[in-house]
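Notes for the one structure printed next.
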Amino acid sequence: MPSRHPIARTSLLAMAITAALSATPTLADETRDASSSAQTSAALGIPDPAVIAHRGDSFNAPESTRPAYLLARDLGADYLELDLQRTRDGHLVALHDNTLQRTTNVAEVFPDRADAPVSQFTLAELKQLDAGSWFNTAYPDRARPGFKGLKIMTLDEIRDIAEGGSNHPGLYIETKVPTLFPGIEKDLKQYLQAHDWIGPQAGTQPAGESNGAVNVAYTPSRVILQTFEKPSLEALQQQMPNVPKILLLWGGEGSIPLEQSAPQGTDETDADYYARQKVASKADYGEWLSYAKDHGAIGVGPSTIQSEHDGDFSRQFSYSELAAPWMIDMAHEHHLLVHAYTVDQPADLETYRQHGVDGFFTNRPTVALKTFDRAPDQSVNDILTAYDY
C-alpha cells in the first residue's frame with residue numbers, strides 16, 4: 001500500500017495498531033494537524049507520505065502486469081497496489097474490472113464468454129489472454145513491442161516481484177467485488193500466512209539481506225488491506241484483525257450520499273460530471289468515518305478531483321471530491337489516516353499534501369516520488385529496457 005524478532009512479531013503489530021487507533025482524544029485532537037497523523041503512520045511503519053503504485057506504474061505500462069509492477073518496485077514506490085479476484089479454480093489474480101474486455105483480447109479468444117466475469121474463467125484460460133496490446137493501441141506514445149502478449153498476473157507472481165529486488169515494497173490489496181467471491185477474505189488470509197506476509201514470521205528481514213531505498217516489507221504494515229464494501233471490511237477484520245485496513249470512500253448510491261444534481265449531460269465526461277457532485281452533509285461523511293473507525297480500519301481512502309482531467313488517461317481517474325480540507329480534518333479527528341486516490345499531477349499532489357493527506361494512490365509513481373523529494377535514480381526507459389520491454 002509493509003525487522004522484528006519473529007516470536008514477538010504478532011504482538012508488536014497488534015500493539016502498534018492499538019496504540020495508533022485508540023489514543024485518548026485530547027483538546028489538541030480538536031485542532032489536529034499533519035503531525036498527529038504522521039505519528040500514527042510512524043507507529044505503524046507506513047511511510048509519510050506513502051506512495052502507493054496504483055495497479056503498478058499504470059501510466060507507463062499496462063495496468064496490473066509484470067512491467068507495471070517491476071517499474072513501481074524499482075522506481076521506489078512504497079506499495080504495490082492490486083485488485084484481487086478469484087478464478088473459477090480458486091487462484092487469486094490481479095485485475096481491476098469485473099470483466100476482461102477492456103484490458104484483454106477475450107473477445108477474440110473466448111467470443112462466447114466475452115462479457116463473463118473473471119470468476120467464470122480458470123487460471124489456464126486467463127493465461128491465454130493478451131493483457132498488454134490494448135495499452136499500445138490506447139497510448140501509442142508509450143507503446144512498446146514488449147507489451148504485446150503480457151499475461152494477467154497472479155497474486156503469487158506479484159509477491160515474487162515485491163520480494164525480488166533491492167527495494168522491498170509492501171502489498172496494498174483490495175478485495176474486489178467481494179460479493180462475487182464469497183470467502184475471498186479467508187483465502188487471502190491463508191495465502192498471506194502461507195508465505196509469511198502475515199503471522200509470526202512476517203516482516204523478518206532475511207539474514208544478510210541489505211536495506212534498500214524502500215523497506216516497507218520489514219515494517220508492521222507490509223500488507224494493507226482495502227475495500228469499498230462495509231461487509232468486506234468486517235470480514236477482513238474478522239479474518240485478519242491485526243493487519244492494517246483502509247475503507248475506500250465513494251459518493252453515490254450505496255455509499256456516501258450526494259446532493260441532488262442535474263443529470264449527466266450528453267457531452268459531459270464522467271470526470272466533469274463527478275467533479276460537480278457534492279456530499280449531502282458533513283453528518284453523512286462522518287457516518288462513514290465512524291463506521292471505518294468502529295470496524296478496525298486505520299484510515300480511509302477518499303476519491304479526488306484531478307485538476308487537469310481532459311486527457312484520455314487522466315479523465316479515467318478523476319472523481320468526486322471526497323478529500324476536501326474539512327473532510328481530511330474530520331478523518332484525522334477520528335484518528336484515521338487519509339490515503340487519497342488517484343493523484344497523478346504535481347500540483348494536485350502538493351495541494352492535497354498541504355491539506356494533510358497521508359498517502360497517495362498514483363498511476364505515476366515517478367511524479368509522486370519527485371514531488372516528495374524522492375526522485376528515482378533510474379529512468380522509466382532504463383528500467384523497462386533492462387527487463388527487455
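In the C-alpha cells, the first chain shown is A, the next is B, and so on; residue numbers restart at 1 for each chain, and ligands run from 1 in the order shown.
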
Neighbours of segment 304-314 of chain A within 8 Å (only C-alpha atoms; same-chain residues fewer than 5 positions away dropped), as a PyMOL selection string?
-> chain A and resi 59+271+275+319-323+340-345+348

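Nearest residue to Glu287 of chain A, choosing from A:Ala324, A:Ala143, A:Leu249, A:Asp272 and counting only C-alpha atoms: A:Leu249.
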
Excluding Gly286 of chain A and residues on its chain fewer than 5 positions from it, collect all residues at most 12 Å away from it, counting only C-alpha atoms, and give them as an NGL selection string.
-> :A and (249 or 256-257 or 279-281 or 291-293 or 300 or 322 or 326-334 or 336)

Identify, with DSSP run on backbone atoms, the residues in segment 136-323 of chain A assigned to strand (DSSP E or B), and express the list as a list in words.
-> Met153, Thr154, Gly170, Leu171, Tyr172, Ile173, Glu174, Thr175, Val223, Ile224, Leu225, Gln226, Thr227, Lys245, Ile246, Leu247, Leu248, Gly251, Ile256, Leu258, Val279, Gly299, Val300, Gly301 and Ser303 of chain A

File of the preceding selection, C-alpha atoms, as a short mmCIF file (atom, residue, chain, number, x, y, z; two decimals), in the first residue's frame:
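This is the output file out-v9.cif:
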```cif
data_model
loop_
_atom_site.label_atom_id
_atom_site.label_comp_id
_atom_site.auth_asym_id
_atom_site.auth_seq_id
_atom_site.Cartn_x
_atom_site.Cartn_y
_atom_site.Cartn_z
CA MET A 153 -0.81 -11.72 -13.02
CA THR A 154 -1.48 -13.95 -10.05
CA GLY A 170 4.64 -3.67 0.71
CA LEU A 171 1.44 -5.01 -0.82
CA TYR A 172 -1.75 -2.92 -0.78
CA ILE A 173 -4.57 -5.32 -1.65
CA GLU A 174 -8.20 -4.55 -2.48
CA THR A 175 -10.84 -7.23 -2.18
CA VAL A 223 0.37 -5.53 3.98
CA ILE A 224 -2.50 -3.06 3.90
CA LEU A 225 -5.97 -4.30 3.04
CA GLN A 226 -8.54 -2.09 1.34
CA THR A 227 -12.19 -2.32 0.34
CA LYS A 245 -7.13 -1.82 6.78
CA ILE A 246 -8.44 1.11 4.74
CA LEU A 247 -12.12 1.76 3.97
CA LEU A 248 -12.29 3.26 0.49
CA GLY A 251 -20.06 9.07 -3.39
CA ILE A 256 -21.78 8.45 0.86
CA LEU A 258 -24.64 13.17 -2.53
CA VAL A 279 -21.56 15.38 -0.40
CA GLY A 299 -7.76 5.01 7.69
CA VAL A 300 -9.94 5.89 4.75
CA GLY A 301 -9.28 6.19 1.03
CA SER A 303 -11.61 9.95 -4.12
#
```

Near-Leu75 of chain A list (12 Å; only C-alpha atoms; drop same-chain fewer than 4 positions) as a PyMOL selection string = chain A and resi 51-53+56-57+60+67-71+79-80+165-169+212-214+364-370+374-384

If you count only C-alpha atoms, which residues fall within 9 Å of Ile152 of chain A, apart from same-chain ones fewer than 6 positions away, as a PDB file with N, CA and C atoms, in the first residue's frame?
```pdb
ATOM      1  N   SER A  64      -1.539  -3.563 -13.926  1.00  0.00           N
ATOM      2  CA  SER A  64      -1.580  -4.871 -13.264  1.00  0.00           C
ATOM      3  C   SER A  64      -0.801  -5.949 -14.008  1.00  0.00           C
ATOM      4  N   THR A  65       0.231  -5.543 -14.765  1.00  0.00           N
ATOM      5  CA  THR A  65       1.068  -6.514 -15.469  1.00  0.00           C
ATOM      6  C   THR A  65       2.487  -6.491 -14.900  1.00  0.00           C
ATOM      7  N   ARG A  66       3.278  -7.449 -15.340  1.00  0.00           N
ATOM      8  CA  ARG A  66       4.637  -7.574 -14.824  1.00  0.00           C
ATOM      9  C   ARG A  66       5.448  -6.295 -14.990  1.00  0.00           C
ATOM     10  N   VAL A  93      -5.961 -13.666  -8.473  1.00  0.00           N
ATOM     11  CA  VAL A  93      -5.354 -12.916  -9.569  1.00  0.00           C
ATOM     12  C   VAL A  93      -5.615 -11.425  -9.382  1.00  0.00           C
ATOM     13  N   ALA A  94      -4.838 -10.619 -10.098  1.00  0.00           N
ATOM     14  CA  ALA A  94      -4.963  -9.159 -10.020  1.00  0.00           C
ATOM     15  C   ALA A  94      -5.608  -8.638 -11.300  1.00  0.00           C
ATOM     16  N   LEU A  95      -6.769  -8.043 -11.143  1.00  0.00           N
ATOM     17  CA  LEU A  95      -7.456  -7.417 -12.272  1.00  0.00           C
ATOM     18  C   LEU A  95      -8.468  -6.428 -11.712  1.00  0.00           C
ATOM     19  N   THR A 104      -8.020  -6.955 -22.221  1.00  0.00           N
ATOM     20  CA  THR A 104      -7.523  -8.189 -22.846  1.00  0.00           C
ATOM     21  C   THR A 104      -8.219  -8.403 -24.190  1.00  0.00           C
ATOM     22  N   LEU A 126      -7.335 -17.771 -18.387  1.00  0.00           N
ATOM     23  CA  LEU A 126      -6.903 -16.374 -18.290  1.00  0.00           C
ATOM     24  C   LEU A 126      -5.498 -16.191 -18.846  1.00  0.00           C
ATOM     25  N   LYS A 127      -4.647 -17.182 -18.636  1.00  0.00           N
ATOM     26  CA  LYS A 127      -3.267 -17.072 -19.107  1.00  0.00           C
ATOM     27  C   LYS A 127      -3.155 -17.156 -20.636  1.00  0.00           C
ATOM     28  N   GLN A 128      -4.238 -17.500 -21.311  1.00  0.00           N
ATOM     29  CA  GLN A 128      -4.234 -17.489 -22.777  1.00  0.00           C
ATOM     30  C   GLN A 128      -4.436 -16.089 -23.345  1.00  0.00           C
ATOM     31  N   LEU A 129      -4.836 -15.147 -22.499  1.00  0.00           N
ATOM     32  CA  LEU A 129      -5.216 -13.820 -22.969  1.00  0.00           C
ATOM     33  C   LEU A 129      -4.019 -12.881 -23.061  1.00  0.00           C
ATOM     34  N   ASP A 130      -4.106 -11.937 -23.969  1.00  0.00           N
ATOM     35  CA  ASP A 130      -3.118 -10.871 -24.138  1.00  0.00           C
ATOM     36  C   ASP A 130      -3.592  -9.672 -23.321  1.00  0.00           C
ATOM     37  N   ALA A 131      -2.860  -9.350 -22.253  1.00  0.00           N
ATOM     38  CA  ALA A 131      -3.247  -8.259 -21.357  1.00  0.00           C
ATOM     39  C   ALA A 131      -2.400  -7.009 -21.570  1.00  0.00           C
ATOM     40  N   GLY A 132      -1.703  -6.934 -22.713  1.00  0.00           N
ATOM     41  CA  GLY A 132      -0.828  -5.796 -22.939  1.00  0.00           C
ATOM     42  C   GLY A 132      -1.078  -5.001 -24.201  1.00  0.00           C
TER      43      GLY A 132
END
```

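What separates atom CA of Thr385 of chain A from atom CA of Gly146 of chain A is a distance of 9.5 Å.
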
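The two atoms in question, atom CA of Val216 of chain A and atom CA of Gly203 of chain A, are spaced 8.8 Å apart.
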
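Separating atom CA of Arg222 of chain A from atom CA of His195 of chain A is a distance of 12.7 Å.
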
Tell me, as a PyMOL selection string, which residues lie within 10 Å of Leu155 of chain A, counting only C-alpha atoms; anything in the same chain fewer than 6 positions away does not count.
-> chain A and resi 82-86+91-94+161+171+173+188+191-192

Can you spit out the residues from that selection as a compact mmCIF listing (two decimals), in the first residue's frame, using C-alpha atoms?
```
# COMPACT_ATOMS: atom_id res chain seq x y z
CA LEU A 82 -3.70 -4.52 -6.73
CA ASP A 83 -7.35 -5.52 -7.10
CA LEU A 84 -7.91 -9.10 -6.01
CA GLN A 85 -10.19 -11.53 -7.81
CA ARG A 86 -10.51 -15.32 -7.81
CA HIS A 91 -6.47 -18.92 -7.92
CA LEU A 92 -6.05 -15.34 -6.71
CA VAL A 93 -5.35 -12.92 -9.57
CA ALA A 94 -4.96 -9.16 -10.02
CA ILE A 161 8.17 -9.12 -7.67
CA LEU A 171 1.44 -5.01 -0.82
CA ILE A 173 -4.57 -5.32 -1.65
CA LEU A 188 -6.32 -14.11 1.19
CA TYR A 191 -2.28 -17.19 1.27
CA LEU A 192 -0.55 -14.40 3.18
```

Based on DSSP run over this structure's backbone, return all residues of segment 97-279 of chain A in helix (DSSP H, G or I), as number ranges by chain.
-> A: 106-109, 111-113, 118-120, 123-126, 133-138, 140-142, 145-147, 155-163, 178-180, 184-194, 216-218, 230-239, 270-275

Requested write-out: C-alpha atoms of the selected residues, as a JSON list (two decimals), in the first residue's frame:
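Produced file result.json, reproduced below:
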```
[["chain", "number", "residue", "atom", "x", "y", "z"],
["A", 106, "VAL", "CA", -11.05, -12.06, -24.53],
["A", 107, "ALA", "CA", -13.49, -11.33, -27.37],
["A", 108, "GLU", "CA", -11.07, -13.00, -29.79],
["A", 109, "VAL", "CA", -10.07, -15.96, -27.63],
["A", 111, "PRO", "CA", -16.02, -14.84, -28.08],
["A", 112, "ASP", "CA", -18.96, -16.60, -26.45],
["A", 113, "ARG", "CA", -17.79, -15.52, -22.99],
["A", 118, "VAL", "CA", -13.34, -13.21, -14.18],
["A", 119, "SER", "CA", -14.78, -15.76, -11.76],
["A", 120, "GLN", "CA", -16.05, -17.87, -14.68],
["A", 123, "LEU", "CA", -6.36, -19.60, -14.48],
["A", 124, "ALA", "CA", -5.22, -21.56, -17.53],
["A", 125, "GLU", "CA", -7.88, -19.80, -19.59],
["A", 126, "LEU", "CA", -6.90, -16.37, -18.29],
["A", 133, "SER", "CA", -1.67, -4.98, -26.54],
["A", 134, "TRP", "CA", -4.67, -2.82, -25.61],
["A", 135, "PHE", "CA", -2.26, -0.37, -23.96],
["A", 136, "ASN", "CA", -0.21, 0.04, -27.14],
["A", 137, "THR", "CA", -3.39, 0.88, -29.03],
["A", 138, "ALA", "CA", -4.76, 3.26, -26.40],
["A", 140, "PRO", "CA", 0.75, 4.91, -28.79],
["A", 141, "ASP", "CA", 3.17, 7.47, -27.33],
["A", 142, "ARG", "CA", 4.03, 4.95, -24.59],
["A", 145, "PRO", "CA", 6.66, -4.11, -28.61],
["A", 146, "GLY", "CA", 7.41, -5.98, -25.39],
["A", 147, "PHE", "CA", 3.96, -5.17, -24.02],
["A", 155, "LEU", "CA", -1.02, -12.69, -6.51],
["A", 156, "ASP", "CA", 1.86, -15.15, -6.28],
["A", 157, "GLU", "CA", 3.65, -13.51, -9.21],
["A", 158, "ILE", "CA", 3.19, -10.03, -7.77],
["A", 159, "ARG", "CA", 4.50, -11.21, -4.40],
["A", 160, "ASP", "CA", 7.58, -12.57, -6.18],
["A", 161, "ILE", "CA", 8.17, -9.12, -7.67],
["A", 162, "ALA", "CA", 7.77, -7.45, -4.28],
["A", 163, "GLU", "CA", 10.34, -9.85, -2.83],
["A", 178, "PRO", "CA", -16.19, -9.43, -2.77],
["A", 179, "THR", "CA", -19.86, -10.39, -3.21],
["A", 180, "LEU", "CA", -18.77, -12.24, -6.37],
["A", 184, "ILE", "CA", -12.12, -14.41, -0.56],
["A", 185, "GLU", "CA", -11.04, -12.68, 2.65],
["A", 186, "LYS", "CA", -10.28, -16.07, 4.21],
["A", 187, "ASP", "CA", -8.50, -17.21, 1.05],
["A", 188, "LEU", "CA", -6.32, -14.11, 1.19],
["A", 189, "LYS", "CA", -5.51, -14.68, 4.85],
["A", 190, "GLN", "CA", -4.45, -18.26, 4.19],
["A", 191, "TYR", "CA", -2.28, -17.19, 1.27],
["A", 192, "LEU", "CA", -0.55, -14.40, 3.18],
["A", 193, "GLN", "CA", 0.06, -16.70, 6.16],
["A", 194, "ALA", "CA", 1.45, -19.45, 3.96],
["A", 216, "VAL", "CA", 8.19, -1.29, 3.86],
["A", 217, "ALA", "CA", 8.25, -5.10, 3.68],
["A", 218, "TYR", "CA", 10.08, -5.09, 7.03],
["A", 230, "LYS", "CA", -18.61, -2.49, 4.51],
["A", 231, "PRO", "CA", -19.30, -6.25, 4.72],
["A", 232, "SER", "CA", -15.85, -6.95, 3.32],
["A", 233, "LEU", "CA", -14.24, -4.65, 5.89],
["A", 234, "GLU", "CA", -16.00, -6.64, 8.61],
["A", 235, "ALA", "CA", -14.86, -9.93, 7.06],
["A", 236, "LEU", "CA", -11.28, -8.69, 6.72],
["A", 237, "GLN", "CA", -11.31, -7.54, 10.33],
["A", 238, "GLN", "CA", -12.62, -10.91, 11.45],
["A", 239, "GLN", "CA", -10.02, -12.83, 9.46],
["A", 270, "ASP", "CA", -17.63, 11.26, -16.41],
["A", 271, "ALA", "CA", -14.81, 13.30, -14.87],
["A", 272, "ASP", "CA", -16.68, 16.59, -15.31],
["A", 273, "TYR", "CA", -19.88, 15.03, -14.01],
["A", 274, "TYR", "CA", -18.16, 13.62, -10.93],
["A", 275, "ALA", "CA", -16.42, 16.94, -10.28]]
```
